[in-house]
>>> print(open('final19.csv').read())   # CSV, C-alpha atoms (C1' of nucleotides)
chain,number,residue,atom,x,y,z
O,11,MET,CA,-0.1,-151.2,-100.3
O,12,ALA,CA,2.1,-151.4,-97.2
O,13,GLU,CA,0.8,-148.4,-95.5
O,14,SER,CA,-1.0,-148.2,-92.0
O,15,THR,CA,0.8,-147.3,-88.8
O,16,SER,CA,3.8,-148.1,-86.8
O,17,SER,CA,5.3,-150.7,-89.1
O,18,ASN,CA,8.0,-148.3,-90.0
O,19,ASP,CA,9.9,-146.5,-87.3
O,20,SER,CA,12.5,-144.8,-89.4
O,21,CYS,CA,11.6,-141.4,-90.7
O,22,PRO,CA,13.1,-141.3,-94.2
O,23,PRO,CA,10.9,-143.3,-96.5
O,24,ALA,CA,12.7,-146.1,-98.2
O,25,GLY,CA,12.5,-145.6,-101.9
O,26,THR,CA,10.0,-143.2,-103.4
O,27,SER,CA,12.3,-140.9,-105.2
O,28,GLY,CA,10.6,-137.7,-106.1
O,29,ALA,CA,9.5,-138.3,-109.6
O,30,ALA,CA,6.3,-136.7,-110.8
O,31,ALA,CA,4.1,-134.2,-108.9
O,32,LEU,CA,1.3,-136.4,-107.8
O,33,PRO,CA,2.1,-140.0,-108.5
O,34,ALA,CA,-0.4,-141.2,-105.9
O,35,ALA,CA,-3.4,-139.2,-107.0
O,36,ALA,CA,-2.7,-139.8,-110.7
O,37,GLY,CA,-4.7,-143.0,-110.6
O,38,GLY,CA,-8.0,-141.2,-109.9
O,39,GLY,CA,-8.8,-138.3,-112.1
O,40,PRO,CA,-6.0,-138.1,-114.7
O,41,ILE,CA,-7.6,-135.2,-116.5
O,42,SER,CA,-8.2,-133.2,-113.4
O,43,HIS,CA,-4.7,-133.9,-112.3
O,44,ALA,CA,-3.3,-132.7,-115.7
O,45,ILE,CA,-5.4,-129.5,-115.5
O,46,PHE,CA,-4.0,-128.9,-112.0
O,47,ARG,CA,-0.4,-129.3,-113.2
O,48,VAL,CA,-0.8,-127.3,-116.3
O,49,ALA,CA,-2.5,-124.4,-114.4
O,50,ARG,CA,0.2,-124.5,-111.8
O,51,THR,CA,3.1,-124.2,-114.2
O,52,HIS,CA,1.2,-121.7,-116.4
O,53,ARG,CA,0.6,-119.5,-113.4
O,54,MET,CA,4.2,-119.8,-112.2
O,55,ILE,CA,5.5,-118.7,-115.6
O,56,ALA,CA,3.0,-115.8,-115.7
O,57,GLY,CA,4.0,-114.8,-112.2
O,58,HIS,CA,7.7,-114.9,-113.1
O,59,LEU,CA,7.2,-112.7,-116.1
O,60,LEU,CA,4.9,-110.3,-114.3
O,61,ARG,CA,7.4,-109.9,-111.5
O,62,ARG,CA,9.8,-108.4,-113.9
O,63,VAL,CA,7.4,-105.5,-114.7
O,64,GLY,CA,6.4,-105.0,-111.1
O,65,LEU,CA,3.0,-106.5,-111.1
O,66,HIS,CA,1.4,-109.4,-109.2
O,67,PRO,CA,-0.7,-112.1,-110.9
O,68,GLY,CA,-4.2,-110.7,-111.4
O,69,GLN,CA,-3.2,-107.1,-111.4
O,70,GLU,CA,-2.4,-107.2,-115.1
O,71,LEU,CA,-5.9,-108.3,-115.9
O,72,VAL,CA,-7.3,-105.2,-114.2
O,73,MET,CA,-4.9,-103.0,-116.1
O,74,MET,CA,-5.7,-104.6,-119.4
O,75,GLN,CA,-9.4,-103.9,-118.9
O,76,LEU,CA,-8.7,-100.3,-118.1
O,77,TRP,CA,-6.3,-99.9,-121.0
O,78,GLU,CA,-8.7,-101.4,-123.5
O,79,LEU,CA,-12.1,-100.3,-122.3
O,80,GLY,CA,-11.2,-97.0,-120.5
O,81,PRO,CA,-12.2,-95.9,-117.0
O,82,GLN,CA,-14.4,-98.3,-115.2
O,83,ARG,CA,-16.1,-98.6,-111.8
O,84,GLN,CA,-14.9,-101.3,-109.5
O,85,ILE,CA,-18.1,-103.3,-110.0
O,86,ASP,CA,-17.6,-103.2,-113.7
O,87,LEU,CA,-14.1,-104.6,-113.3
O,88,VAL,CA,-15.5,-107.3,-111.0
O,89,ARG,CA,-18.0,-108.3,-113.6
O,90,LEU,CA,-15.6,-108.2,-116.5
O,91,LEU,CA,-13.0,-110.3,-114.7
O,92,ASP,CA,-15.6,-112.5,-112.9
O,93,SER,CA,-13.8,-111.5,-109.7
O,94,ASP,CA,-14.6,-110.6,-106.2
O,95,ALA,CA,-15.6,-107.2,-104.9
O,96,ALA,CA,-13.4,-107.5,-101.9
O,97,THR,CA,-10.4,-108.6,-103.9
O,98,MET,CA,-11.0,-105.8,-106.4
O,99,THR,CA,-11.0,-103.2,-103.6
O,100,ARG,CA,-7.6,-104.2,-102.4
O,101,THR,CA,-6.1,-104.8,-105.9
O,102,VAL,CA,-7.2,-101.3,-107.0
O,103,ARG,CA,-5.9,-99.8,-103.8
O,104,ARG,CA,-2.5,-101.4,-104.4
O,105,LEU,CA,-2.5,-100.4,-108.1
O,106,GLU,CA,-3.3,-96.9,-107.0
O,107,HIS,CA,-0.5,-96.9,-104.4
O,108,ALA,CA,1.8,-98.1,-107.1
O,109,GLY,CA,0.8,-95.2,-109.3
O,110,PHE,CA,-0.7,-97.3,-112.1
O,111,VAL,CA,-4.3,-96.3,-111.4
O,112,ARG,CA,-6.2,-93.2,-110.3
O,113,ARG,CA,-9.6,-92.9,-108.6
O,114,SER,CA,-12.0,-90.0,-109.1
O,115,PRO,CA,-15.4,-89.6,-107.4
O,116,CYS,CA,-18.3,-90.5,-109.6
O,117,ALA,CA,-20.8,-87.7,-110.2
O,118,ASP,CA,-23.7,-89.9,-111.1
O,119,ASP,CA,-23.4,-92.2,-108.2
O,120,LYS,CA,-21.8,-91.2,-104.9
O,121,ARG,CA,-21.2,-94.8,-104.0
O,122,ALA,CA,-19.0,-95.5,-107.0
O,123,SER,CA,-15.7,-94.2,-108.0
O,124,ARG,CA,-14.1,-94.0,-111.4
O,125,ILE,CA,-10.9,-96.2,-111.8
O,126,GLU,CA,-8.6,-94.9,-114.5
O,127,ALA,CA,-5.3,-96.0,-115.8
O,128,THR,CA,-2.6,-93.3,-115.3
O,129,ALA,CA,-0.3,-92.0,-118.0
O,130,ALA,CA,2.5,-93.6,-116.1
O,131,SER,CA,0.9,-97.0,-116.6
O,132,GLN,CA,1.1,-96.7,-120.3
O,133,ALA,CA,4.7,-97.7,-120.2
O,134,LEU,CA,3.6,-101.0,-118.7
O,135,ARG,CA,1.1,-101.7,-121.5
O,136,LYS,CA,3.6,-102.8,-124.1
O,137,GLU,CA,5.5,-104.8,-121.6
O,138,VAL,CA,2.3,-106.6,-120.5
O,139,GLU,CA,1.3,-107.3,-124.1
O,140,GLN,CA,4.7,-108.7,-124.9
O,141,LEU,CA,4.5,-110.7,-121.7
O,142,TRP,CA,1.3,-112.3,-122.9
O,143,ARG,CA,2.9,-113.2,-126.2
O,144,GLN,CA,5.8,-114.8,-124.4
O,145,LEU,CA,3.4,-116.8,-122.2
O,146,GLU,CA,1.4,-117.9,-125.3
O,147,ASP,CA,4.6,-118.9,-127.1
O,148,ALA,CA,5.7,-120.9,-124.1
O,149,THR,CA,2.3,-122.6,-124.1
O,150,VAL,CA,2.0,-123.5,-127.8
O,151,GLY,CA,5.7,-123.9,-128.6
O,152,ASP,CA,6.2,-124.7,-132.3
O,153,THR,CA,2.9,-126.5,-132.8
O,154,THR,CA,1.0,-125.9,-136.0
O,155,ASP,CA,-2.1,-123.6,-136.3
O,156,ASP,CA,-4.3,-126.7,-136.7
O,157,GLU,CA,-2.9,-128.2,-133.5
O,158,GLN,CA,-3.4,-125.0,-131.7
O,159,ALA,CA,-7.0,-124.8,-132.9
O,160,ALA,CA,-7.5,-128.4,-131.8
O,161,ALA,CA,-6.0,-127.7,-128.4
O,162,LEU,CA,-8.2,-124.6,-128.0
O,163,ARG,CA,-11.3,-126.6,-128.9
O,164,THR,CA,-10.4,-129.2,-126.3
O,165,LEU,CA,-9.9,-126.6,-123.6
O,166,GLU,CA,-13.2,-124.9,-124.5
O,167,ASP,CA,-15.0,-128.2,-124.4
O,168,ILE,CA,-13.6,-128.8,-120.9
O,169,GLU,CA,-14.5,-125.2,-119.9
O,170,ARG,CA,-18.1,-125.6,-121.1
O,171,ARG,CA,-18.5,-128.8,-119.1
O,172,LEU,CA,-16.9,-127.3,-116.0
O,173,THR,CA,-19.1,-124.2,-116.3
O,174,ASP,CA,-22.2,-126.3,-116.6
O,175,ALA,CA,-21.1,-128.4,-113.6
O,176,ALA,CA,-20.4,-125.2,-111.6
O,177,ALA,CA,-23.9,-124.0,-112.4
O,178,ARG,CA,-25.3,-127.3,-111.2
O,179,LEU,CA,-23.4,-126.8,-107.9
O,180,GLY,CA,-25.3,-123.6,-107.2
O,181,SER,CA,-28.7,-125.2,-107.6
Q,19,MET,CA,-10.8,-97.8,-129.9
Q,20,ALA,CA,-12.4,-94.8,-128.2
Q,21,GLU,CA,-10.4,-95.1,-125.1
Q,22,SER,CA,-7.9,-92.5,-123.6
Q,23,THR,CA,-8.9,-90.0,-121.0
Q,24,SER,CA,-11.6,-87.5,-120.1
Q,25,SER,CA,-13.8,-88.1,-123.2
Q,26,ASN,CA,-16.4,-89.7,-121.1
Q,27,ASP,CA,-17.6,-88.1,-117.9
Q,28,SER,CA,-20.4,-90.5,-117.0
Q,29,CYS,CA,-19.4,-93.4,-114.8
Q,30,PRO,CA,-21.5,-96.3,-116.1
Q,31,PRO,CA,-20.0,-97.5,-119.4
Q,32,ALA,CA,-22.5,-97.3,-122.2
Q,33,GLY,CA,-22.8,-100.9,-123.6
Q,34,THR,CA,-20.3,-103.5,-122.6
Q,35,SER,CA,-22.7,-106.0,-121.1
Q,36,GLY,CA,-20.7,-108.6,-119.1
Q,37,ALA,CA,-20.4,-111.5,-121.5
Q,38,ALA,CA,-17.3,-113.6,-121.2
Q,39,ALA,CA,-14.6,-113.5,-118.6
Q,40,LEU,CA,-11.9,-111.7,-120.5
Q,41,PRO,CA,-13.2,-110.4,-123.8
Q,42,ALA,CA,-10.4,-107.9,-124.1
Q,43,ALA,CA,-7.5,-110.2,-123.5
Q,44,ALA,CA,-9.0,-112.9,-125.6
Q,45,GLY,CA,-7.3,-111.5,-128.7
Q,46,GLY,CA,-3.8,-112.0,-127.4
Q,47,GLY,CA,-3.1,-115.5,-126.1
Q,48,PRO,CA,-6.3,-117.5,-126.7
Q,49,ILE,CA,-4.8,-120.7,-125.3
Q,50,SER,CA,-3.3,-119.0,-122.2
Q,51,HIS,CA,-6.7,-117.4,-121.7
Q,52,ALA,CA,-8.5,-120.7,-122.0
Q,53,ILE,CA,-6.1,-122.4,-119.6
Q,54,PHE,CA,-6.7,-119.6,-117.1
Q,55,ARG,CA,-10.5,-120.0,-117.3
Q,56,VAL,CA,-10.5,-123.8,-117.2
Q,57,ALA,CA,-8.1,-123.7,-114.2
Q,58,ARG,CA,-10.3,-121.1,-112.5
Q,59,THR,CA,-13.5,-123.0,-112.8
Q,60,HIS,CA,-11.9,-126.3,-112.1
Q,61,ARG,CA,-10.4,-124.9,-108.9
Q,62,MET,CA,-13.7,-123.3,-107.9
Q,63,ILE,CA,-15.6,-126.6,-108.2
Q,64,ALA,CA,-12.9,-128.5,-106.3
Q,65,GLY,CA,-13.0,-125.9,-103.5
Q,66,HIS,CA,-16.8,-126.1,-103.4
Q,67,LEU,CA,-16.6,-129.9,-103.0
Q,68,LEU,CA,-13.8,-129.8,-100.5
Q,69,ARG,CA,-15.7,-127.3,-98.4
Q,70,ARG,CA,-18.3,-129.9,-97.8
Q,71,VAL,CA,-15.8,-132.3,-96.2
Q,72,GLY,CA,-14.1,-129.5,-94.2
Q,73,LEU,CA,-10.9,-129.2,-96.1
Q,74,HIS,CA,-9.4,-126.3,-98.0
Q,75,PRO,CA,-7.9,-126.6,-101.4
Q,76,GLY,CA,-4.4,-128.1,-101.2
Q,77,GLN,CA,-5.0,-129.9,-97.9
Q,78,GLU,CA,-6.6,-132.8,-99.6
Q,79,LEU,CA,-3.4,-133.4,-101.6
Q,80,VAL,CA,-1.4,-133.7,-98.3
Q,81,MET,CA,-3.9,-136.1,-96.9
Q,82,MET,CA,-3.9,-138.2,-100.0
Q,83,GLN,CA,-0.1,-138.6,-99.9
Q,84,LEU,CA,-0.3,-139.6,-96.2
Q,85,TRP,CA,-3.1,-142.1,-96.9
Q,86,GLU,CA,-1.3,-143.7,-99.8
Q,87,LEU,CA,2.3,-143.6,-98.8
Q,88,GLY,CA,2.1,-143.6,-95.0
Q,89,PRO,CA,3.9,-141.3,-92.6
Q,90,GLN,CA,6.1,-138.7,-94.2
Q,91,ARG,CA,8.3,-135.9,-93.2
Q,92,GLN,CA,7.3,-132.4,-94.2
Q,93,ILE,CA,10.2,-132.2,-96.7
Q,94,ASP,CA,8.9,-135.4,-98.3
Q,95,LEU,CA,5.5,-133.9,-98.7
Q,96,VAL,CA,7.0,-130.8,-100.1
Q,97,ARG,CA,8.9,-132.7,-102.7
Q,98,LEU,CA,6.0,-135.1,-103.5
Q,99,LEU,CA,3.6,-132.2,-104.1
Q,100,ASP,CA,6.2,-129.8,-105.5
Q,101,SER,CA,5.1,-127.4,-102.9
Q,102,ASP,CA,6.7,-124.9,-100.5
Q,103,ALA,CA,8.3,-125.6,-97.1
Q,104,ALA,CA,6.7,-122.6,-95.6
Q,105,THR,CA,3.2,-123.5,-96.9
Q,106,MET,CA,3.7,-127.1,-95.8
Q,107,THR,CA,4.5,-125.9,-92.2
Q,108,ARG,CA,1.2,-124.0,-92.0
Q,109,THR,CA,-0.9,-126.6,-93.8
Q,110,VAL,CA,0.4,-129.4,-91.6
Q,111,ARG,CA,-0.2,-127.3,-88.5
Q,112,ARG,CA,-3.8,-126.6,-89.6
Q,113,LEU,CA,-4.4,-130.3,-90.4
Q,114,GLU,CA,-3.0,-131.2,-87.0
Q,115,HIS,CA,-5.3,-128.7,-85.3
Q,116,ALA,CA,-8.2,-130.1,-87.2
Q,117,GLY,CA,-7.3,-133.6,-86.0
Q,118,PHE,CA,-6.5,-135.1,-89.4
Q,119,VAL,CA,-2.8,-135.4,-88.8
Q,120,ARG,CA,-0.5,-136.2,-86.0
Q,121,ARG,CA,3.2,-135.3,-85.5
Q,122,SER,CA,5.8,-137.3,-83.7
Q,123,PRO,CA,9.4,-136.5,-83.2
Q,124,CYS,CA,11.8,-138.3,-85.5
Q,125,ALA,CA,14.3,-140.5,-83.8
Q,126,ASP,CA,16.8,-140.5,-86.7
Q,127,ASP,CA,16.8,-136.8,-87.2
Q,128,LYS,CA,16.0,-134.3,-84.5
Q,129,ARG,CA,15.3,-131.6,-87.0
Q,130,ALA,CA,12.5,-133.6,-88.7
Q,131,SER,CA,9.1,-134.8,-87.5
Q,132,ARG,CA,6.9,-137.6,-88.6
Q,133,ILE,CA,3.6,-136.5,-90.1
Q,134,GLU,CA,1.0,-139.2,-89.9
Q,135,ALA,CA,-2.7,-139.4,-90.9
Q,136,THR,CA,-4.9,-140.0,-87.8
Q,137,ALA,CA,-7.5,-142.7,-87.5
Q,138,ALA,CA,-10.1,-139.9,-87.5
Q,139,SER,CA,-8.9,-138.9,-90.9
Q,140,GLN,CA,-9.8,-142.2,-92.4
Q,141,ALA,CA,-13.4,-141.2,-92.5
Q,142,LEU,CA,-12.4,-138.4,-94.9
Q,143,ARG,CA,-10.6,-140.7,-97.3
Q,144,LYS,CA,-13.6,-142.2,-98.9
Q,145,GLU,CA,-15.2,-138.7,-99.2
Q,146,VAL,CA,-12.1,-137.3,-100.8
Q,147,GLU,CA,-11.9,-140.1,-103.3
Q,148,GLN,CA,-15.5,-139.7,-104.2
Q,149,LEU,CA,-14.9,-136.0,-104.5
Q,150,TRP,CA,-12.2,-136.5,-107.0
Q,151,ARG,CA,-14.4,-138.8,-109.0
Q,152,GLN,CA,-17.1,-136.1,-109.0
Q,153,LEU,CA,-14.5,-133.6,-110.2
Q,154,GLU,CA,-13.3,-135.8,-113.0
Q,155,ASP,CA,-16.9,-136.5,-114.0
Q,156,ALA,CA,-17.6,-132.8,-114.2
Q,157,THR,CA,-14.5,-132.4,-116.3
Q,158,VAL,CA,-14.9,-135.2,-118.8
Q,159,GLY,CA,-18.7,-135.2,-118.9
Q,160,ASP,CA,-20.0,-137.9,-121.2
Q,161,THR,CA,-17.1,-137.9,-123.6
Q,162,THR,CA,-15.8,-141.2,-125.0
Q,163,ASP,CA,-12.6,-142.8,-123.8
Q,164,ASP,CA,-10.9,-141.9,-127.0
Q,165,GLU,CA,-11.8,-138.2,-126.5
Q,166,GLN,CA,-10.6,-138.3,-123.0
Q,167,ALA,CA,-7.3,-139.9,-124.1
Q,168,ALA,CA,-6.9,-137.2,-126.7
Q,169,ALA,CA,-7.7,-134.4,-124.2
Q,170,LEU,CA,-5.2,-135.9,-121.8
Q,171,ARG,CA,-2.6,-136.0,-124.5
Q,172,THR,CA,-3.3,-132.4,-125.4
Q,173,LEU,CA,-2.9,-131.3,-121.7
Q,174,GLU,CA,0.3,-133.3,-121.3
Q,175,ASP,CA,1.8,-131.8,-124.4
Q,176,ILE,CA,1.0,-128.3,-123.0
Q,177,GLU,CA,2.4,-129.3,-119.7
Q,178,ARG,CA,5.6,-130.5,-121.2
Q,179,ARG,CA,6.1,-127.3,-123.2
Q,180,LEU,CA,5.3,-125.2,-120.1
Q,181,THR,CA,7.7,-127.2,-117.9
Q,182,ASP,CA,10.5,-126.7,-120.5
Q,183,ALA,CA,9.7,-123.0,-120.6
Q,184,ALA,CA,9.8,-122.8,-116.9
Q,185,ALA,CA,13.2,-124.5,-116.9
Q,186,ARG,CA,14.4,-122.0,-119.4
Q,187,LEU,CA,13.2,-119.2,-117.1
Q,188,GLY,CA,15.5,-120.3,-114.4
Q,189,SER,CA,18.6,-120.2,-116.6
X,3,DC,C1',37.7,-133.2,-83.2
X,4,DC,C1',36.5,-128.9,-85.4
X,5,DG,C1',34.3,-125.5,-88.6
X,6,DG,C1',31.8,-124.5,-92.5
X,7,DA,C1',28.1,-125.9,-95.6
X,8,DT,C1',23.7,-128.1,-96.0
X,9,DT,C1',19.3,-129.6,-94.4
X,10,DA,C1',14.6,-129.3,-92.0
X,11,DC,C1',11.6,-126.5,-90.0
X,12,DC,C1',9.8,-122.2,-88.6
X,13,DT,C1',8.5,-117.1,-88.8
X,14,DG,C1',7.2,-112.8,-91.0
X,15,DT,C1',5.6,-110.4,-94.9
X,16,DC,C1',2.9,-109.7,-99.0
X,17,DC,C1',-0.2,-111.1,-102.5
X,18,DG,C1',-4.8,-113.1,-104.6
X,19,DA,C1',-9.0,-115.6,-103.5
X,20,DA,C1',-13.1,-116.6,-100.9
X,21,DC,C1',-16.6,-115.8,-97.4
X,22,DA,C1',-19.2,-112.9,-94.0
X,23,DG,C1',-20.6,-108.7,-92.5
X,24,DT,C1',-21.1,-103.4,-92.5
X,25,DA,C1',-22.4,-98.8,-94.1
X,26,DA,C1',-23.8,-95.5,-97.4
X,27,DA,C1',-26.2,-94.5,-101.5
X,28,DA,C1',-29.7,-95.4,-104.9
X,29,DG,C1',-34.1,-97.2,-106.7
X,30,DG,C1',-38.7,-98.6,-106.2
X,31,DT,C1',-43.4,-98.8,-103.9
X,32,DC,C1',-47.0,-97.3,-101.2
Z,25,DG,C1',-42.4,-88.2,-98.0
Z,26,DA,C1',-41.7,-92.8,-95.6
Z,27,DC,C1',-40.3,-97.5,-96.2
Z,28,DC,C1',-37.9,-101.4,-98.0
Z,29,DT,C1',-34.8,-103.6,-101.2
Z,30,DT,C1',-30.8,-103.5,-104.0
Z,31,DT,C1',-26.4,-101.9,-105.3
Z,32,DT,C1',-21.6,-100.4,-104.3
Z,33,DA,C1',-17.6,-100.2,-101.7
Z,34,DC,C1',-15.3,-101.4,-97.8
Z,35,DT,C1',-13.4,-104.3,-93.7
Z,36,DG,C1',-12.2,-108.5,-91.3
Z,37,DT,C1',-10.9,-113.2,-91.4
Z,38,DT,C1',-8.9,-117.3,-93.2
Z,39,DC,C1',-6.8,-119.9,-96.6
Z,40,DG,C1',-2.8,-121.2,-100.2
Z,41,DG,C1',1.3,-119.5,-102.4
Z,42,DA,C1',5.7,-117.2,-102.8
Z,43,DC,C1',9.7,-114.9,-101.0
Z,44,DA,C1',13.2,-113.5,-97.4
Z,45,DG,C1',15.1,-114.5,-93.5
Z,46,DG,C1',16.4,-117.2,-89.1
Z,47,DT,C1',17.7,-121.4,-86.1
Z,48,DA,C1',19.0,-125.8,-84.8
Z,49,DA,C1',20.5,-130.2,-86.3
Z,50,DT,C1',23.2,-132.8,-89.4
Z,51,DC,C1',26.9,-133.8,-92.5
Z,52,DC,C1',31.4,-133.6,-94.4
Z,53,DG,C1',36.2,-132.2,-95.2
Z,54,DG,C1',40.3,-131.2,-92.9
>>> encode(input="final19.csv", output="structure tokens")
Amino acid sequence: MAESTSSNDSCPPAGTSGAAALPAAAGGGPISHAIFRVARTHRMIAGHLLRRVGLHPGQELVMMQLWELGPQRQIDLVRLLDSDAATMTRTVRRLEHAGFVRRSPCADDKRASRIEATAASQALRKEVEQLWRQLEDATVGDTTDDEQAAALRTLEDIERRLTDAAARLGS
Amino acid sequence: MAESTSSNDSCPPAGTSGAAALPAAAGGGPISHAIFRVARTHRMIAGHLLRRVGLHPGQELVMMQLWELGPQRQIDLVRLLDSDAATMTRTVRRLEHAGFVRRSPCADDKRASRIEATAASQALRKEVEQLWRQLEDATVGDTTDDEQAAALRTLEDIERRLTDAAARLGS
DNA sequence: CCGGATTACCTGTCCGAACAGTAAAAGGTC
DNA sequence: GACCTTTTACTGTTCGGACAGGTAATCCGG
């Protein structure tokens, strides 16, 4: 152990060379810890690739929905992405300011507005699709299809358990 | 397909009931997509549990390092958690303001300061440890040890590939 | 000793995410 | 029609994360 207070007056810790990310917390919750690190690196790579095409993480998901499903209201995007209305308001505004999205008033419902991908955004589409392929390649590497299927099954099992647990949290 | 522009004047999309999170993007990059959803739910549950003990996601990692390794400089915490110096500055300041952390000037190096967990924070420690157990329980559910070991291996394989890919990005 | 690099910390900015609250519009009931 | 609830979008705030800079202290080569 050798922790507690005032036994060590010098600032630089003795040994403890920076090895892994969370050596201390690794003891409790190894799977949670692994999920955390995988998600962290995965997100970092995605952000790196997105930066090249001028998007921030999360914005590409909105664009993909608009590209594939056509114009949507904000609330539709929120539900499709399981996101937040406040976040969507700002994300759409930034995408609009960047010229990737256009808003038009909704005739049926004066509260809502139609969010539409602009023609200028179509140039992004191929880049984003290639970006996702790159990300998937980095994730699966040269594993076989069977291994990929097994990994996907593992992740989906974890997801199901987490979703159930999240539902239990609300109750 | 039936996408493109101006073919549909009504705002509410016809069918498209909100089923999964990303039905559109699921085609390309199923593993990446699964990682994204698992991480999302995992983080949401962690945030929910942390909120009960008065911490924000990320702060508990700093506290765990201080509890387990004793006083550290900010740069040590940054390296241990593979974090950012700017983020650490603000996180430590908020933890200090919350009374969970104390800073004392470092004698050896006038640039650095000693970050130390306060006695008041010790009450949090047990709660945080229990919280991590809850999170791990929610993640693994009632799976066998063998299944957990296999899942951990799968995650570590993915992590290794992602880490390698991230290293390739820098070059 | 001196001067240039490096280190440790801080600030400002911008982003997504989460939560709380507001206002306007729409839907339903009496 | 009047009344109440729900829906939709917005704003404000706070947090972590990332990036670009800026300062003071430290270190190292000459």
>>> closest_residue(input="final19.csv", among="Z:DG36, Z:DA42, Z:DG53, Z:DC27", to="chain Q", atoms="only C-alpha atoms (C1' of nucleotides)")
Z:DA42
>>> atom_distance(input="final19.csv", atom1="CA of Asp182 (chain Q)", atom2="CA of Thr153 (chain O)")
14.5 Å
>>> residues_around(input="final19.csv", residues="region 114-122 of chain Q", least_positions_apart="5", cutoff="12 Å", atoms="all atoms listed in the file", output="number ranges by chain")
O: 15-16, 19-21; Q: 71-74, 77-78, 80-85, 88-92, 106-109, 127-143
>>> write_last_selection(input="final19.csv", atoms="C-alpha atoms", output="PDB file, in the coordinates of the input")
ATOM      1  CA  THR O  15       0.800-147.300 -88.800  1.00  0.00           C
ATOM      2  CA  SER O  16       3.800-148.100 -86.800  1.00  0.00           C
ATOM      3  CA  ASP O  19       9.900-146.500 -87.300  1.00  0.00           C
ATOM      4  CA  SER O  20      12.500-144.800 -89.400  1.00  0.00           C
ATOM      5  CA  CYS O  21      11.600-141.400 -90.700  1.00  0.00           C
TER       6      CYS O  21
ATOM      7  CA  VAL Q  71     -15.800-132.300 -96.200  1.00  0.00           C
ATOM      8  CA  GLY Q  72     -14.100-129.500 -94.200  1.00  0.00           C
ATOM      9  CA  LEU Q  73     -10.900-129.200 -96.100  1.00  0.00           C
ATOM     10  CA  HIS Q  74      -9.400-126.300 -98.000  1.00  0.00           C
ATOM     11  CA  GLN Q  77      -5.000-129.900 -97.900  1.00  0.00           C
ATOM     12  CA  GLU Q  78      -6.600-132.800 -99.600  1.00  0.00           C
ATOM     13  CA  VAL Q  80      -1.400-133.700 -98.300  1.00  0.00           C
ATOM     14  CA  MET Q  81      -3.900-136.100 -96.900  1.00  0.00           C
ATOM     15  CA  MET Q  82      -3.900-138.200-100.000  1.00  0.00           C
ATOM     16  CA  GLN Q  83      -0.100-138.600 -99.900  1.00  0.00           C
ATOM     17  CA  LEU Q  84      -0.300-139.600 -96.200  1.00  0.00           C
ATOM     18  CA  TRP Q  85      -3.100-142.100 -96.900  1.00  0.00           C
ATOM     19  CA  GLY Q  88       2.100-143.600 -95.000  1.00  0.00           C
ATOM     20  CA  PRO Q  89       3.900-141.300 -92.600  1.00  0.00           C
ATOM     21  CA  GLN Q  90       6.100-138.700 -94.200  1.00  0.00           C
ATOM     22  CA  ARG Q  91       8.300-135.900 -93.200  1.00  0.00           C
ATOM     23  CA  GLN Q  92       7.300-132.400 -94.200  1.00  0.00           C
ATOM     24  CA  MET Q 106       3.700-127.100 -95.800  1.00  0.00           C
ATOM     25  CA  THR Q 107       4.500-125.900 -92.200  1.00  0.00           C
ATOM     26  CA  ARG Q 108       1.200-124.000 -92.000  1.00  0.00           C
ATOM     27  CA  THR Q 109      -0.900-126.600 -93.800  1.00  0.00           C
ATOM     28  CA  ASP Q 127      16.800-136.800 -87.200  1.00  0.00           C
ATOM     29  CA  LYS Q 128      16.000-134.300 -84.500  1.00  0.00           C
ATOM     30  CA  ARG Q 129      15.300-131.600 -87.000  1.00  0.00           C
ATOM     31  CA  ALA Q 130      12.500-133.600 -88.700  1.00  0.00           C
ATOM     32  CA  SER Q 131       9.100-134.800 -87.500  1.00  0.00           C
ATOM     33  CA  ARG Q 132       6.900-137.600 -88.600  1.00  0.00           C
ATOM     34  CA  ILE Q 133       3.600-136.500 -90.100  1.00  0.00           C
ATOM     35  CA  GLU Q 134       1.000-139.200 -89.900  1.00  0.00           C
ATOM     36  CA  ALA Q 135      -2.700-139.400 -90.900  1.00  0.00           C
ATOM     37  CA  THR Q 136      -4.900-140.000 -87.800  1.00  0.00           C
ATOM     38  CA  ALA Q 137      -7.500-142.700 -87.500  1.00  0.00           C
ATOM     39  CA  ALA Q 138     -10.100-139.900 -87.500  1.00  0.00           C
ATOM     40  CA  SER Q 139      -8.900-138.900 -90.900  1.00  0.00           C
ATOM     41  CA  GLN Q 140      -9.800-142.200 -92.400  1.00  0.00           C
ATOM     42  CA  ALA Q 141     -13.400-141.200 -92.500  1.00  0.00           C
ATOM     43  CA  LEU Q 142     -12.400-138.400 -94.900  1.00  0.00           C
ATOM     44  CA  ARG Q 143     -10.600-140.700 -97.300  1.00  0.00           C
TER      45      ARG Q 143
END
>>> atom_distance(input="final19.csv", atom1="CA of Ile176 (chain Q)", atom2="CA of Ala159 (chain O)")
13.2 Å
>>> interface_residues(input="final19.csv", of="chain Z", to="chain O", cutoff="8 Å", atoms="only C-alpha atoms (C1' of nucleotides)", output="list in words")
DT32, DA33 and DC34 of chain Z
>>> decode(input="final19.csv", residues="region 71-81 of chain Q", atoms="C-alpha atoms", output="mmCIF file, in the first residue's frame")
data_model
loop_
_atom_site.group_PDB
_atom_site.id
_atom_site.type_symbol
_atom_site.label_atom_id
_atom_site.label_comp_id
_atom_site.auth_asym_id
_atom_site.auth_seq_id
_atom_site.Cartn_x
_atom_site.Cartn_y
_atom_site.Cartn_z
ATOM 1 C CA VAL Q 71 -22.019 10.633 -5.097
ATOM 2 C CA GLY Q 72 -21.490 14.170 -6.378
ATOM 3 C CA LEU Q 73 -18.838 13.515 -8.993
ATOM 4 C CA HIS Q 74 -18.738 14.119 -12.718
ATOM 5 C CA PRO Q 75 -17.441 11.490 -15.133
ATOM 6 C CA GLY Q 76 -13.654 11.605 -15.159
ATOM 7 C CA GLN Q 77 -13.278 13.084 -11.700
ATOM 8 C CA GLU Q 78 -13.553 9.656 -10.110
ATOM 9 C CA LEU Q 79 -10.517 8.504 -12.063
ATOM 10 C CA VAL Q 80 -8.433 11.318 -10.601
ATOM 11 C CA MET Q 81 -9.610 10.518 -7.107
#
